[in-house]
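One file, run33.txt, is given below (compact mmCIF, C-alpha atoms and all ligand atoms).
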```txt
# COMPACT_ATOMS: atom_id res chain seq x y z
CA MET A 1 179.68 4.29 117.55
CA SER A 2 181.81 1.22 116.80
CA LEU A 3 180.90 -1.26 114.09
CA LEU A 4 179.97 -3.82 116.74
CA GLN A 5 177.63 -1.32 118.41
CA ILE A 6 176.02 -0.51 115.05
CA LEU A 7 175.42 -4.20 114.33
CA LYS A 8 173.92 -4.73 117.79
CA HIS A 9 171.72 -1.67 117.36
CA SER A 10 170.47 -2.86 113.93
CA LYS A 11 169.71 -6.30 115.27
CA ARG A 12 167.70 -4.81 118.10
CA ARG A 13 165.72 -2.44 115.83
CA GLY A 14 165.02 -5.01 113.11
CA ILE A 15 164.36 -4.00 109.46
CA VAL A 16 163.14 -0.41 109.24
CA THR A 17 163.23 0.08 105.47
CA ILE A 18 160.96 -1.36 102.79
CA ARG A 19 162.12 -3.36 99.76
CA TYR A 20 160.27 -1.26 97.18
CA PRO A 21 160.60 -1.44 94.16
CA LEU A 22 161.71 -5.08 94.50
CA VAL A 23 158.53 -5.75 96.44
CA PRO A 24 155.31 -3.88 95.41
CA ILE A 25 154.13 -1.23 97.86
CA GLU A 26 150.54 -0.96 99.14
CA VAL A 27 149.29 2.62 99.21
CA ASP A 28 146.52 3.96 101.43
CA GLU A 29 142.92 3.57 100.30
CA LEU A 30 142.57 7.36 100.11
CA TYR A 31 145.78 7.80 98.13
CA ARG A 32 145.38 10.22 95.20
CA GLY A 33 147.16 8.82 92.15
CA LYS A 34 146.73 8.87 88.40
CA PRO A 35 143.37 10.33 87.28
CA GLU A 36 141.63 8.03 84.80
CA LEU A 37 138.81 8.82 82.41
CA ASP A 38 135.95 6.48 81.62
CA PRO A 39 135.28 7.50 77.99
CA GLU A 40 131.96 5.63 78.06
CA LEU A 41 130.65 7.99 80.75
CA CYS A 42 132.28 11.28 79.72
CA ILE A 43 130.03 13.83 78.00
CA ALA A 44 132.94 16.15 77.05
CA CYS A 45 131.43 19.08 78.95
CA GLY A 46 134.80 20.57 79.87
CA ALA A 47 134.01 21.15 83.58
CA CYS A 48 137.14 19.23 84.61
CA ALA A 49 139.36 21.30 82.31
CA ASN A 50 137.91 24.53 83.72
CA ALA A 51 138.55 23.36 87.28
CA CYS A 52 142.06 21.94 86.76
CA PRO A 53 144.48 24.35 88.50
CA ALA A 54 147.54 22.88 86.78
CA GLU A 55 146.08 23.05 83.25
CA ALA A 56 146.82 19.36 82.87
CA LEU A 57 143.41 18.87 81.24
CA THR A 58 142.05 20.41 78.07
CA VAL A 59 138.79 19.91 76.19
CA GLU A 60 138.86 21.49 72.73
CA SER A 61 136.97 21.23 69.45
CA SER A 62 138.82 20.35 66.25
CA ASN A 63 137.64 18.97 62.89
CA GLY A 64 134.15 18.01 64.04
CA VAL A 65 135.19 16.38 67.32
CA LYS A 66 135.74 17.37 70.94
CA ILE A 67 139.14 16.23 72.12
CA TRP A 68 139.49 15.51 75.82
CA ARG A 69 143.19 15.38 76.73
CA ILE A 70 145.25 14.97 79.87
CA PHE A 71 148.99 15.47 80.32
CA TYR A 72 150.04 13.54 83.39
CA GLY A 73 153.32 15.46 83.50
CA ARG A 74 151.42 18.51 84.79
CA CYS A 75 148.94 16.79 87.10
CA ILE A 76 149.24 17.67 90.80
CA TYR A 77 146.69 15.02 91.93
CA CYS A 78 144.41 17.56 93.57
CA ALA A 79 141.21 15.69 92.52
CA ARG A 80 139.36 18.85 91.45
CA CYS A 81 138.46 17.13 88.16
CA GLN A 82 136.85 14.25 90.04
CA GLU A 83 134.94 16.65 92.31
CA VAL A 84 133.38 18.69 89.51
CA CYS A 85 132.58 15.96 86.97
CA PRO A 86 128.77 15.80 86.72
CA VAL A 87 128.72 12.17 85.60
CA GLY A 88 131.57 10.58 87.58
CA ALA A 89 133.63 9.98 84.45
CA ILE A 90 137.01 10.84 85.95
CA LYS A 91 138.41 9.28 89.09
CA LEU A 92 141.78 9.35 90.79
CA THR A 93 143.21 5.86 91.06
CA ARG A 94 145.89 4.56 93.42
CA GLU A 95 148.39 4.23 90.59
CA PHE A 96 151.55 6.29 91.11
CA GLU A 97 154.24 4.67 88.96
CA LEU A 98 154.02 7.05 86.01
CA ALA A 99 157.71 7.50 85.18
CA SER A 100 158.44 7.18 81.49
CA LYS A 101 161.33 7.68 79.10
CA SER A 102 159.02 9.37 76.62
CA ARG A 103 156.99 12.55 77.20
CA GLU A 104 154.41 11.25 74.72
CA ASP A 105 153.56 8.36 77.05
CA LEU A 106 152.24 10.88 79.54
CA PHE A 107 149.35 11.99 77.32
CA TYR A 108 145.95 10.36 77.03
CA GLU A 109 143.07 11.57 74.89
CA ALA A 110 139.50 10.64 74.03
CA ARG A 111 137.39 11.98 71.14
CA PHE A 112 133.67 12.76 71.04
CA ALA A 113 131.46 13.65 68.08
CA LEU A 114 130.16 17.21 67.99
CA ALA A 115 126.41 17.74 67.83
CA ARG A 116 124.65 19.13 64.78
CA CYS A 117 122.06 21.89 65.12
CA SER A 118 118.58 20.40 64.91
CA SER A 119 117.44 23.45 62.95
CA CYS A 120 120.15 24.38 60.40
CA GLY A 121 122.26 21.18 60.57
CA GLY A 122 125.49 23.08 61.23
CA VAL A 123 128.15 21.64 63.55
CA MET A 124 127.91 23.05 67.08
CA ASP A 125 130.73 23.58 69.58
CA VAL A 126 129.22 21.03 71.96
CA SER A 127 129.35 17.25 71.99
CA GLN A 128 126.29 15.20 71.08
CA ARG A 129 126.60 13.49 74.44
CA GLU A 130 126.36 16.81 76.28
CA VAL A 131 123.21 17.71 74.34
CA ASP A 132 121.71 14.29 75.19
CA TYR A 133 122.67 14.73 78.84
CA ALA A 134 121.06 18.20 79.00
CA ARG A 135 117.88 16.76 77.47
CA GLU A 136 117.82 13.95 80.02
CA LEU A 137 118.12 16.49 82.85
CA ILE A 138 115.27 18.52 81.39
CA GLU A 139 113.19 15.37 81.02
CA ILE A 140 113.56 14.31 84.65
CA SER A 141 113.05 17.86 85.98
CA GLU A 142 109.77 18.98 87.51
CA LEU A 143 109.18 21.69 84.93
CA PRO A 144 105.81 21.92 83.17
CA PRO A 145 105.68 19.67 80.05
CA GLU A 146 105.41 22.57 77.57
CA LEU A 147 108.50 24.24 79.07
CA LYS A 148 110.39 20.94 78.98
CA GLU A 149 109.60 20.62 75.29
CA GLU A 150 110.72 24.17 74.54
CA LEU A 151 113.97 23.86 76.50
CA SER A 152 114.73 20.51 74.84
CA ARG A 153 114.32 22.17 71.47
CA TYR A 154 116.67 25.02 72.41
CA VAL A 155 119.52 22.88 73.72
CA ALA A 156 119.76 21.06 70.41
CA MET A 157 120.16 24.32 68.45
CA CYS A 158 123.25 26.35 67.55
CA GLN A 159 123.52 29.88 69.00
CA LYS A 160 122.30 31.51 65.79
CA CYS A 161 119.19 29.35 65.43
CA LYS A 162 118.50 29.63 69.14
CA ARG A 163 118.52 33.45 68.92
CA ARG A 164 116.26 33.35 65.87
CA ALA A 165 113.82 30.88 67.45
CA PHE A 166 113.76 32.92 70.64
CA ALA A 167 113.08 36.14 68.73
CA GLU A 168 110.32 34.46 66.72
CA ASN A 169 108.82 33.15 69.91
CA LEU A 170 108.86 36.60 71.49
CA ALA A 171 107.34 38.11 68.37
CA GLY A 172 104.57 35.51 68.54
CA VAL A 173 103.84 36.43 72.16
CA TYR A 174 104.04 40.21 71.96
CA ILE A 175 102.98 41.01 68.41
CA HIS A 176 100.44 38.33 67.59
CA GLY A 177 99.55 37.31 71.13
CA GLU A 178 100.34 33.62 70.36
CA ARG A 179 102.37 31.14 72.29
S1 LIG A 201 143.95 15.82 89.65
FE1 LIG A 201 144.02 18.08 89.68
S2 LIG A 201 145.80 18.59 88.45
FE2 LIG A 201 145.34 16.44 88.00
S3 LIG A 201 144.05 16.53 86.19
FE3 LIG A 201 142.67 16.50 87.97
S4 LIG A 201 142.27 18.69 88.40
FE4 LIG A 201 144.07 18.59 87.06
S1 LIG A 202 133.85 16.95 83.71
FE1 LIG A 202 133.54 14.74 83.45
S2 LIG A 202 132.07 14.58 81.76
FE2 LIG A 202 132.88 16.66 81.72
S3 LIG A 202 134.63 16.52 80.27
FE3 LIG A 202 135.46 16.21 82.31
S4 LIG A 202 135.46 13.99 82.61
FE4 LIG A 202 134.14 14.41 80.88
```
So that I can check it, write out the structure of this file as structure tokens.
Amino acid sequence: MSLLQILKHSKRRGIVTIRYPLVPIEVDELYRGKPELDPELCIACGACANACPAEALTVESSNGVKIWRIFYGRCIYCARCQEVCPVGAIKLTREFELASKSREDLFYEARFALARCSSCGGVMDVSQREVDYARELIEISELPPELKEELSRYVAMCQKCKRRAFAENLAGVYIHGER
């Protein structure tokens, strides 16, 4: 094709490329971009980390806090975290310009206080927010009031105190016939 033919062809076709990044690009409404956490809603339950196939998310306890962390360098934008979050705290946005000169820029973390056992006062491996959330769910359930009260008591206890309270309860029922 001669140069003249190419010029004629281009004129006929018009502009077929876009001017991004000089001109911002509009992505589709359903586009799956950067996942973002709302730390006000998150209860640090870890469901998103368990579901993340790329291990981009972690939720771990350290020095009395739960640390929720994401590494965007590993994220594959599958939206599993958004699907499993019980409180809608993580959502995929339409943001896709995540390139950075520093690896550190690709991390984000949020910290949540760990709960203390209502019986012995020891630090538990669960956030206070998760305990509060569990209690709210129990409260709005249709369980009988006495069972609600008992379950609410158990969720605020560490494993050791829970086992002891459960054993004492059983002993009350089967040995002394109390409840
Ligand atoms: S979008 Fe997928 S890969 Fe990215 S953090 Fe969520 S679950 Fe992990
Ligand atoms: S599943 Fe939701 S509430 Fe639970 S840790 Fe992840 S973002 Fe937070």
Between segment 33-91 of chain A and segment 110-129 of chain A, at 6 Å or less, what are the per-residue closest atom pairs and their distances in Å? Count all atoms listed in the file, order by chain and rising residue number, and return it as JSON lines.
```
{"residue": "A:Ile43", "atom": "CA", "partner": "A:Arg129", "partner_atom": "CA", "distance": 5.0}
{"residue": "A:Gly64", "atom": "CA", "partner": "A:Leu114", "partner_atom": "CA", "distance": 5.7}
{"residue": "A:Val65", "atom": "CA", "partner": "A:Ala113", "partner_atom": "CA", "distance": 4.7}
{"residue": "A:Lys66", "atom": "CA", "partner": "A:Phe112", "partner_atom": "CA", "distance": 5.1}
{"residue": "A:Ile67", "atom": "CA", "partner": "A:Arg111", "partner_atom": "CA", "distance": 4.7}
{"residue": "A:Trp68", "atom": "CA", "partner": "A:Ala110", "partner_atom": "CA", "distance": 5.2}
```
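Among the candidates A:Ala99, A:Ala44, A:Cys75, A:Ile15, the residue lying nearest to ligand LIG 201 (chain A) is A:Cys75 (atoms considered: all atoms listed in the file).
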### Message
At a cut-off of 9 Å around ligand LIG 202 (chain A), and using only C-alpha atoms and all ligand atoms, what residues come up? Please write them as a PyMOL selection string.
### Response
chain A and resi 36-39+41-51+57-59+68+81-91+130
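Between atom FE3 of ligand LIG 201 (chain A) and atom CA of Ala79 of chain A lies a distance of 4.8 Å.
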Mind giving me the axis-aligned box for ligand LIG 201 (chain A) with 8 Å on every side, centre plus edges in Å to one decimal, as lines of an AutoDock Vina configuration file?
```
center_x = 144.0
center_y = 17.3
center_z = 87.9
size_x = 19.5
size_y = 18.9
size_z = 19.5
```
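Atom to atom, atom CA of Cys78 of chain A and atom CA of Leu98 of chain A stand 16.1 Å apart.
Proximity to Glu26 of chain A was assessed for A:Arg164, A:Lys101, A:Lys8, A:Arg94 counting only C-alpha atoms; the smallest distance is recorded for A:Arg94.
Using all atoms listed in the file, the smallest distance between any of A:Gly14, A:Pro53, A:Leu30, A:Leu3 and ligand LIG 201 (chain A) comes from A:Pro53.
With all atoms listed in the file as the basis for measurement, A:Glu55 is the residue among A:Glu109, A:Glu136, A:Glu29, A:Glu55 that approaches ligand LIG 201 (chain A) most closely.
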